[in-house]
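The file start_35.tsv contains TSV, C-alpha atoms:
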```
chain	number	residue	atom	x	y	z
Y	17	MET	CA	147.20	81.20	69.95
Y	18	PHE	CA	144.10	80.14	68.02
Y	19	THR	CA	142.03	82.51	70.12
Y	20	ALA	CA	144.27	85.34	68.90
Y	21	ILE	CA	143.67	84.57	65.21
Y	22	ALA	CA	140.01	83.49	65.33
Y	23	GLY	CA	138.67	86.80	64.04
Y	24	SER	CA	140.74	86.74	60.83
Y	25	TYR	CA	140.96	82.96	60.42
Y	26	ASP	CA	138.52	82.67	57.52
Y	27	LEU	CA	140.04	85.58	55.60
Y	28	ASN	CA	143.57	84.26	55.96
Y	29	ASN	CA	142.48	80.78	54.88
Y	30	ARG	CA	140.91	82.13	51.70
Y	31	VAL	CA	143.69	84.56	50.82
Y	32	HIS	CA	146.66	82.32	51.49
Y	33	SER	CA	145.23	79.19	49.89
Y	34	PHE	CA	144.01	81.19	46.86
Y	35	LEU	CA	140.56	79.73	47.65
Y	36	LEU	CA	141.93	76.18	47.30
Y	37	ASP	CA	140.90	75.43	50.89
Y	38	GLN	CA	137.29	75.31	49.74
Y	39	ARG	CA	138.13	72.84	46.99
Y	40	TRP	CA	140.05	70.64	49.44
Y	41	ARG	CA	137.12	70.56	51.84
Y	42	LYS	CA	134.72	69.74	49.02
Y	43	TYR	CA	136.87	66.75	48.08
Y	44	THR	CA	136.99	65.63	51.73
Y	45	VAL	CA	133.20	65.66	51.97
Y	46	LYS	CA	132.95	63.65	48.75
Y	47	ARG	CA	135.49	61.12	50.03
Y	48	ALA	CA	133.49	60.64	53.24
Y	49	GLU	CA	130.68	59.00	51.24
Y	50	VAL	CA	127.92	60.60	53.31
Y	51	ARG	CA	124.65	58.70	53.11
Y	52	PRO	CA	121.11	59.76	54.03
Y	53	GLY	CA	120.69	59.60	57.79
Y	54	ASP	CA	124.41	59.58	58.63
Y	55	ALA	CA	125.72	61.22	61.79
Y	56	VAL	CA	128.84	63.31	61.14
Y	57	VAL	CA	131.39	64.63	63.63
Y	58	ASP	CA	133.92	67.27	62.53
Y	59	VAL	CA	136.81	67.55	64.98
Y	60	ALA	CA	138.94	70.72	65.16
Y	61	CYS	CA	136.07	72.36	63.32
Y	62	GLY	CA	137.41	75.88	63.77
Y	63	THR	CA	134.96	78.43	62.43
Y	64	GLY	CA	132.79	75.76	60.86
Y	65	ASP	CA	133.83	75.55	57.18
Y	66	LEU	CA	133.88	71.77	56.95
Y	67	ALA	CA	130.95	71.24	59.33
Y	68	GLU	CA	128.85	73.51	57.13
Y	69	ALA	CA	129.89	71.58	54.02
Y	70	PHE	CA	128.77	68.34	55.68
Y	71	ALA	CA	125.48	69.95	56.71
Y	72	ARG	CA	124.68	70.44	53.02
Y	73	THR	CA	124.86	66.67	52.40
Y	74	PRO	CA	122.13	64.10	53.20
Y	75	ALA	CA	123.59	63.72	56.72
Y	76	GLN	CA	120.99	63.62	59.48
Y	77	SER	CA	123.18	65.41	62.03
Y	78	VAL	CA	126.49	67.26	62.21
Y	79	ILE	CA	128.48	67.98	65.37
Y	80	GLY	CA	131.46	70.33	65.29
Y	81	VAL	CA	134.05	69.91	68.05
Y	82	ASP	CA	136.89	72.31	68.79
Y	83	PHE	CA	139.29	72.96	71.66
Y	84	THR	CA	139.26	76.76	71.21
Y	85	HIS	CA	136.21	78.56	72.57
Y	86	ALA	CA	136.78	81.63	70.38
Y	87	MET	CA	136.72	79.53	67.22
Y	88	LEU	CA	133.39	78.00	68.24
Y	89	GLU	CA	131.99	81.45	68.92
Y	90	ARG	CA	132.90	82.47	65.37
Y	91	ALA	CA	131.31	79.28	64.03
Y	92	LYS	CA	128.09	79.96	65.92
Y	93	HIS	CA	128.06	83.57	64.73
Y	94	ARG	CA	128.39	82.42	61.12
Y	95	GLN	CA	125.60	79.93	61.71
Y	96	ASN	CA	123.31	82.57	63.18
Y	97	GLN	CA	124.01	85.06	60.39
Y	98	SER	CA	123.63	82.60	57.51
Y	99	GLU	CA	120.52	82.40	55.37
Y	100	ASP	CA	121.39	78.80	54.49
Y	101	ARG	CA	118.89	76.80	56.54
Y	102	SER	CA	120.84	73.57	56.03
Y	103	ILE	CA	123.46	74.68	58.55
Y	104	THR	CA	121.11	75.74	61.33
Y	105	ASN	CA	121.08	72.26	62.88
Y	106	ILE	CA	124.86	71.98	63.36
Y	107	VAL	CA	125.67	71.49	67.04
Y	108	TYR	CA	128.98	72.97	68.19
Y	109	VAL	CA	130.70	71.46	71.22
Y	110	GLU	CA	133.90	72.41	73.03
Y	111	GLY	CA	136.14	69.39	73.41
Y	112	ASP	CA	139.54	67.74	73.14
Y	113	ALA	CA	140.36	65.56	70.13
Y	114	MET	CA	142.08	63.09	72.47
Y	115	ALA	CA	139.05	62.81	74.78
Y	116	LEU	CA	135.95	63.52	72.74
Y	117	PRO	CA	132.79	64.24	74.77
Y	118	LEU	CA	130.92	61.67	72.68
Y	119	ALA	CA	129.57	58.16	73.22
Y	120	ASP	CA	131.10	55.04	71.70
Y	121	ALA	CA	129.98	54.21	68.15
Y	122	CYS	CA	127.90	57.38	67.80
Y	123	CYS	CA	128.77	58.53	64.28
Y	124	ASP	CA	129.14	57.28	60.72
Y	125	VAL	CA	131.67	59.86	59.55
Y	126	LEU	CA	134.42	61.61	61.49
Y	127	SER	CA	136.53	64.32	59.88
Y	128	ILE	CA	139.41	66.51	60.96
Y	129	ALA	CA	140.84	69.19	58.66
Y	130	PHE	CA	144.21	70.80	59.32
Y	131	GLY	CA	143.96	69.93	63.00
Y	132	LEU	CA	145.72	66.63	63.57
Y	133	ARG	CA	149.17	68.25	63.57
Y	134	ASN	CA	148.06	70.47	66.47
Y	135	VAL	CA	147.10	67.52	68.67
Y	136	GLN	CA	149.67	66.60	71.30
Y	137	GLU	CA	149.38	62.85	70.68
Y	138	PRO	CA	148.06	62.07	67.16
Y	139	LYS	CA	147.86	58.34	67.86
Y	140	ALA	CA	145.64	58.95	70.91
Y	141	ALA	CA	143.38	61.14	68.78
Y	142	ILE	CA	143.09	58.56	65.99
Y	143	ASP	CA	142.26	55.89	68.58
Y	144	GLU	CA	139.55	58.20	69.90
Y	145	PHE	CA	138.19	58.75	66.39
Y	146	ALA	CA	137.90	54.99	65.90
Y	147	ARG	CA	136.11	54.67	69.25
Y	148	VAL	CA	133.27	57.00	68.29
Y	149	LEU	CA	132.87	55.59	64.77
Y	150	ARG	CA	130.23	52.94	64.16
Y	151	PRO	CA	131.17	49.74	62.32
Y	152	GLY	CA	131.54	50.70	58.68
Y	153	GLY	CA	132.15	54.33	59.67
Y	154	ARG	CA	134.59	56.46	57.70
Y	155	LEU	CA	137.46	58.56	58.99
Y	156	VAL	CA	138.67	61.37	56.71
Y	157	ILE	CA	141.70	63.45	57.61
Y	158	LEU	CA	142.67	66.53	55.61
Y	159	GLU	CA	146.17	67.70	56.42
Y	160	PHE	CA	148.97	69.75	54.91
Y	161	ASP	CA	151.85	67.88	53.30
Y	162	ARG	CA	155.08	68.73	51.49
Y	163	PRO	CA	155.10	68.27	47.69
Y	164	SER	CA	157.43	65.53	46.51
Y	165	PHE	CA	158.23	67.21	43.16
Y	166	ALA	CA	161.29	69.37	43.90
Y	167	PRO	CA	160.41	72.59	41.97
Y	168	ILE	CA	156.93	72.68	43.53
Y	169	ARG	CA	158.40	71.92	46.95
Y	170	TRP	CA	160.93	74.76	46.67
Y	171	GLY	CA	158.25	77.28	45.72
Y	172	HIS	CA	155.95	75.93	48.42
Y	173	ASP	CA	158.66	76.24	51.08
Y	174	LEU	CA	159.45	79.83	50.06
Y	175	TYR	CA	155.78	80.75	50.24
Y	176	THR	CA	154.97	79.01	53.55
Y	177	LYS	CA	158.20	79.84	55.39
Y	178	VAL	CA	158.87	83.38	54.21
Y	179	ILE	CA	155.92	85.07	52.50
Y	180	MET	CA	152.81	83.68	54.20
Y	181	PRO	CA	153.94	84.20	57.82
Y	182	ARG	CA	154.50	87.90	57.14
Y	183	THR	CA	151.32	88.58	55.18
Y	184	ALA	CA	149.09	86.48	57.43
Y	185	THR	CA	150.47	88.15	60.54
Y	186	TRP	CA	149.86	91.56	58.97
Y	187	ILE	CA	146.25	90.70	58.06
Y	188	SER	CA	145.47	89.26	61.50
Y	189	ARG	CA	147.47	91.83	63.48
Y	190	ASP	CA	148.58	88.79	65.46
Y	191	ARG	CA	151.17	89.02	68.23
Y	192	SER	CA	150.98	85.39	69.35
Y	193	GLY	CA	153.32	84.04	66.67
Y	194	ALA	CA	150.59	81.79	65.24
Y	195	TYR	CA	151.60	82.24	61.62
Y	196	ARG	CA	155.22	81.49	62.40
Y	197	TYR	CA	154.21	78.36	64.31
Y	198	LEU	CA	151.78	76.97	61.73
Y	199	PRO	CA	154.29	76.58	58.83
Y	200	ARG	CA	156.80	74.99	61.22
Y	201	SER	CA	154.15	72.55	62.42
Y	202	VAL	CA	153.75	71.29	58.84
Y	203	GLN	CA	157.52	70.85	58.43
Y	204	THR	CA	157.88	68.87	61.66
Y	205	PHE	CA	154.66	66.83	61.58
Y	206	LEU	CA	154.45	63.11	60.92
Y	207	SER	CA	155.16	61.83	57.43
Y	208	ARG	CA	152.34	60.57	55.24
Y	209	GLU	CA	153.54	57.01	55.72
Y	210	ARG	CA	153.52	57.42	59.49
Y	211	ILE	CA	149.95	58.75	59.52
Y	212	LEU	CA	148.80	55.83	57.40
Y	213	ASP	CA	150.60	53.45	59.75
Y	214	LEU	CA	148.87	54.96	62.81
Y	215	MET	CA	145.50	54.56	61.12
Y	216	ARG	CA	146.23	50.89	60.42
Y	217	GLN	CA	147.41	50.35	64.01
Y	218	THR	CA	144.04	51.62	65.18
Y	219	GLY	CA	142.41	48.82	63.19
Y	220	LEU	CA	141.05	50.86	60.31
Y	221	GLU	CA	140.77	49.22	56.91
Y	222	GLU	CA	140.96	50.48	53.31
Y	223	VAL	CA	143.50	53.03	54.53
Y	224	SER	CA	144.71	55.37	51.79
Y	225	ALA	CA	145.94	58.91	51.06
Y	226	LYS	CA	145.18	61.14	48.09
Y	227	SER	CA	147.46	64.04	47.15
Y	228	LEU	CA	145.71	67.33	46.44
Y	229	SER	CA	147.02	70.35	44.53
Y	230	GLY	CA	150.38	68.84	43.70
Y	231	GLY	CA	150.96	67.47	47.19
Y	232	ILE	CA	150.32	70.68	49.14
Y	233	CYS	CA	147.92	68.66	51.25
Y	234	ALA	CA	146.58	65.12	51.45
Y	235	CYS	CA	143.24	63.54	52.23
Y	236	TYR	CA	143.49	60.34	54.28
Y	237	PHE	CA	140.73	57.76	54.43
Y	238	GLY	CA	140.04	54.76	56.63
Y	239	ARG	CA	137.01	52.60	57.35
Y	240	LYS	CA	136.17	50.98	60.68
Y	241	PRO	CA	135.54	47.25	60.24
```
How does the structure come out when it is put into structure tokens?
Amino acid sequence: MFTAIAGSYDLNNRVHSFLLDQRWRKYTVKRAEVRPGDAVVDVACGTGDLAEAFARTPAQSVIGVDFTHAMLERAKHRQNQSEDRSITNIVYVEGDAMALPLADACCDVLSIAFGLRNVQEPKAAIDEFARVLRPGGRLVILEFDRPSFAPIRWGHDLYTKVIMPRTATWISRDRSGAYRYLPRSVQTFLSRERILDLMRQTGLEEVSAKSLSGGICACYFGRKP
């Protein structure tokens, strides 16, 4: 499914978020508290948006991991075509969020944006994230949510359930049903409270969630003791 939409993924993200996706990623990078020399891993990196944002920080290294080969190919193409030299050192790796091809305690920051809901076992993935984080390392999760304020929620549901699936499918010429699946995955995914609980079960501290854009999405944070 993600292979089918890889070619139009960036365009659909920009159009259907009204460019808010860039603002959300910028906040996520800020929340990660990247320090000079940090090693960053971005899981479910897709075409590289968030990995590139981290590469522009004082981080020493950035690894992007994704399960879909076609997404990584798009990320590498963007990297090769860019004149921004800060992103040339990103390393892209094919891998599963529940079994990362990375050593224990190898990174200071681990991020995942709009990918946790597509993982078969979110708890297994969060456990894996904690495994590769060093002591003091930060986990940041950016994920869609449902607004709690009723009028915003009604408008949001109309847009994501009715309008966006049609326009995104038209733009991508997709026949896989991806843009019918993606809104449903938000509706059926774990609640904010459940995600926070899973992070605490993994042993993370300072666990919190910040609503963005009226609750359209949330940025979760946790620190490994």
Using all atoms listed in the file, which of the listed residues (Y:Gly64, Y:Gly53, Y:Pro117, Y:Gly230) sits closest to Arg169 in chain Y?
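That would be Y:Gly230, the residue with the smallest distance to Arg169 in chain Y.
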Selected residue, from Y:Ser192, Y:Ser77, Y:Asn105, Y:Ser224, that lies nearest to Phe237 in chain Y when counting only C-alpha atoms
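Of all the options, Y:Ser224 lies closest to Phe237 in chain Y.
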Contacts of range 217-219 of chain Y at 8 Å or less, counting only C-alpha atoms, minus same-chain residues fewer than 4 places along, as a tab-separated table (two decimals) with C-alpha atoms, in the frame of the given file?
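result.tsv, written as the output of this step:
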```
chain	number	residue	atom	x	y	z
Y	142	ILE	CA	143.09	58.56	65.99
Y	143	ASP	CA	142.26	55.89	68.58
Y	146	ALA	CA	137.90	54.99	65.90
Y	213	ASP	CA	150.60	53.45	59.75
Y	240	LYS	CA	136.17	50.98	60.68
Y	241	PRO	CA	135.54	47.25	60.24
```
Calculate how many Å separate CA of Asp124 in chain Y from CA of Ala225 in chain Y, rounding to one decimal.
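Between CA of Asp124 in chain Y and CA of Ala225 in chain Y the gap is 19.4 Å.
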If I take CA of Tyr236 in chain Y and CA of Ile157 in chain Y, how far is one from the other in Å, to one decimal?
4.9 Å
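For the choices Y:Val109, Y:Lys177, Y:Val156, Y:Arg94, the atom-to-atom distance to Val223 in chain Y is smallest for Y:Val156 when using all atoms listed in the file.
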Just give me the residues with any atom within 10 Å of (147.9, 69.0, 72.9), file coordinates, counting all atoms listed in the file, written as a ChimeraX atom specification.
/Y:83,112-114,132-138,141
Taking 3 positions as the minimum chain separation for residues in the same chain, which residues sit within 10 Å of Glu89 in chain Y when counting all atoms listed in the file? Answer as number ranges by chain.
Y: 22-23, 62-64, 84-86, 92-95, 108
How many Å lie between CA of Thr44 in chain Y and CA of Ala69 in chain Y, rounded to one decimal?
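Taking CA of Thr44 in chain Y and CA of Ala69 in chain Y, their separation equals 9.5 Å.
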Residue list as a PyMOL selection string for point (155.8, 63.3, 53.2), cut-off 9 Å, all atoms listed in the file:
chain Y and resi 161-164+206-210+231
What's the 7 Å shell around Cys233 in chain Y, counting all atoms listed in the file, without same-chain residues fewer than 6 positions away, as a list in words?
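Counting only the stated atoms, we get Glu159, Phe160, Asp161 and Ser227 of chain Y.
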Residue selection dump (C-alpha atoms) as an mmCIF file, in the coordinates of the input:
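Final output, saved to out-v1.cif:
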```
data_model
loop_
_atom_site.group_PDB
_atom_site.id
_atom_site.type_symbol
_atom_site.label_atom_id
_atom_site.label_comp_id
_atom_site.auth_asym_id
_atom_site.auth_seq_id
_atom_site.Cartn_x
_atom_site.Cartn_y
_atom_site.Cartn_z
ATOM 1 C CA GLU Y 159 146.170 67.700 56.420
ATOM 2 C CA PHE Y 160 148.970 69.750 54.910
ATOM 3 C CA ASP Y 161 151.850 67.880 53.300
ATOM 4 C CA SER Y 227 147.460 64.040 47.150
#
```
So, with only C-alpha atoms as the atoms that count, which of Y:Leu88, Y:Ala115, Y:Leu66, Y:Val178 lies closest to Val45 in chain Y?
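Nearest candidate to Val45 in chain Y out of Y:Leu88, Y:Ala115, Y:Leu66, Y:Val178: Y:Leu66.
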Smallest atom-to-atom distance to Ala55 in chain Y: which of Y:Gly193, Y:Gly111, Y:Gly153, Y:Gly131, using all atoms listed in the file?
Y:Gly153
From the set Y:Cys235, Y:Ile187, Y:Ala48, Y:Ala140, which residue has the shortest atom-to-atom contact distance to Leu214 in chain Y, counting all atoms listed in the file?
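Of Y:Cys235, Y:Ile187, Y:Ala48, Y:Ala140, the one nearest Leu214 in chain Y is Y:Ala140, counting all atoms listed in the file.
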Any chance you could work out the axis-aligned box around range 62-67 of chain Y, listed atoms only, 6 Å on each side, giving centre and edge lengths in Å to one decimal, as JSON?
```
{"center_x": 134.2, "center_y": 74.8, "center_z": 60.4, "size_x": 18.5, "size_y": 19.2, "size_z": 18.8}
```
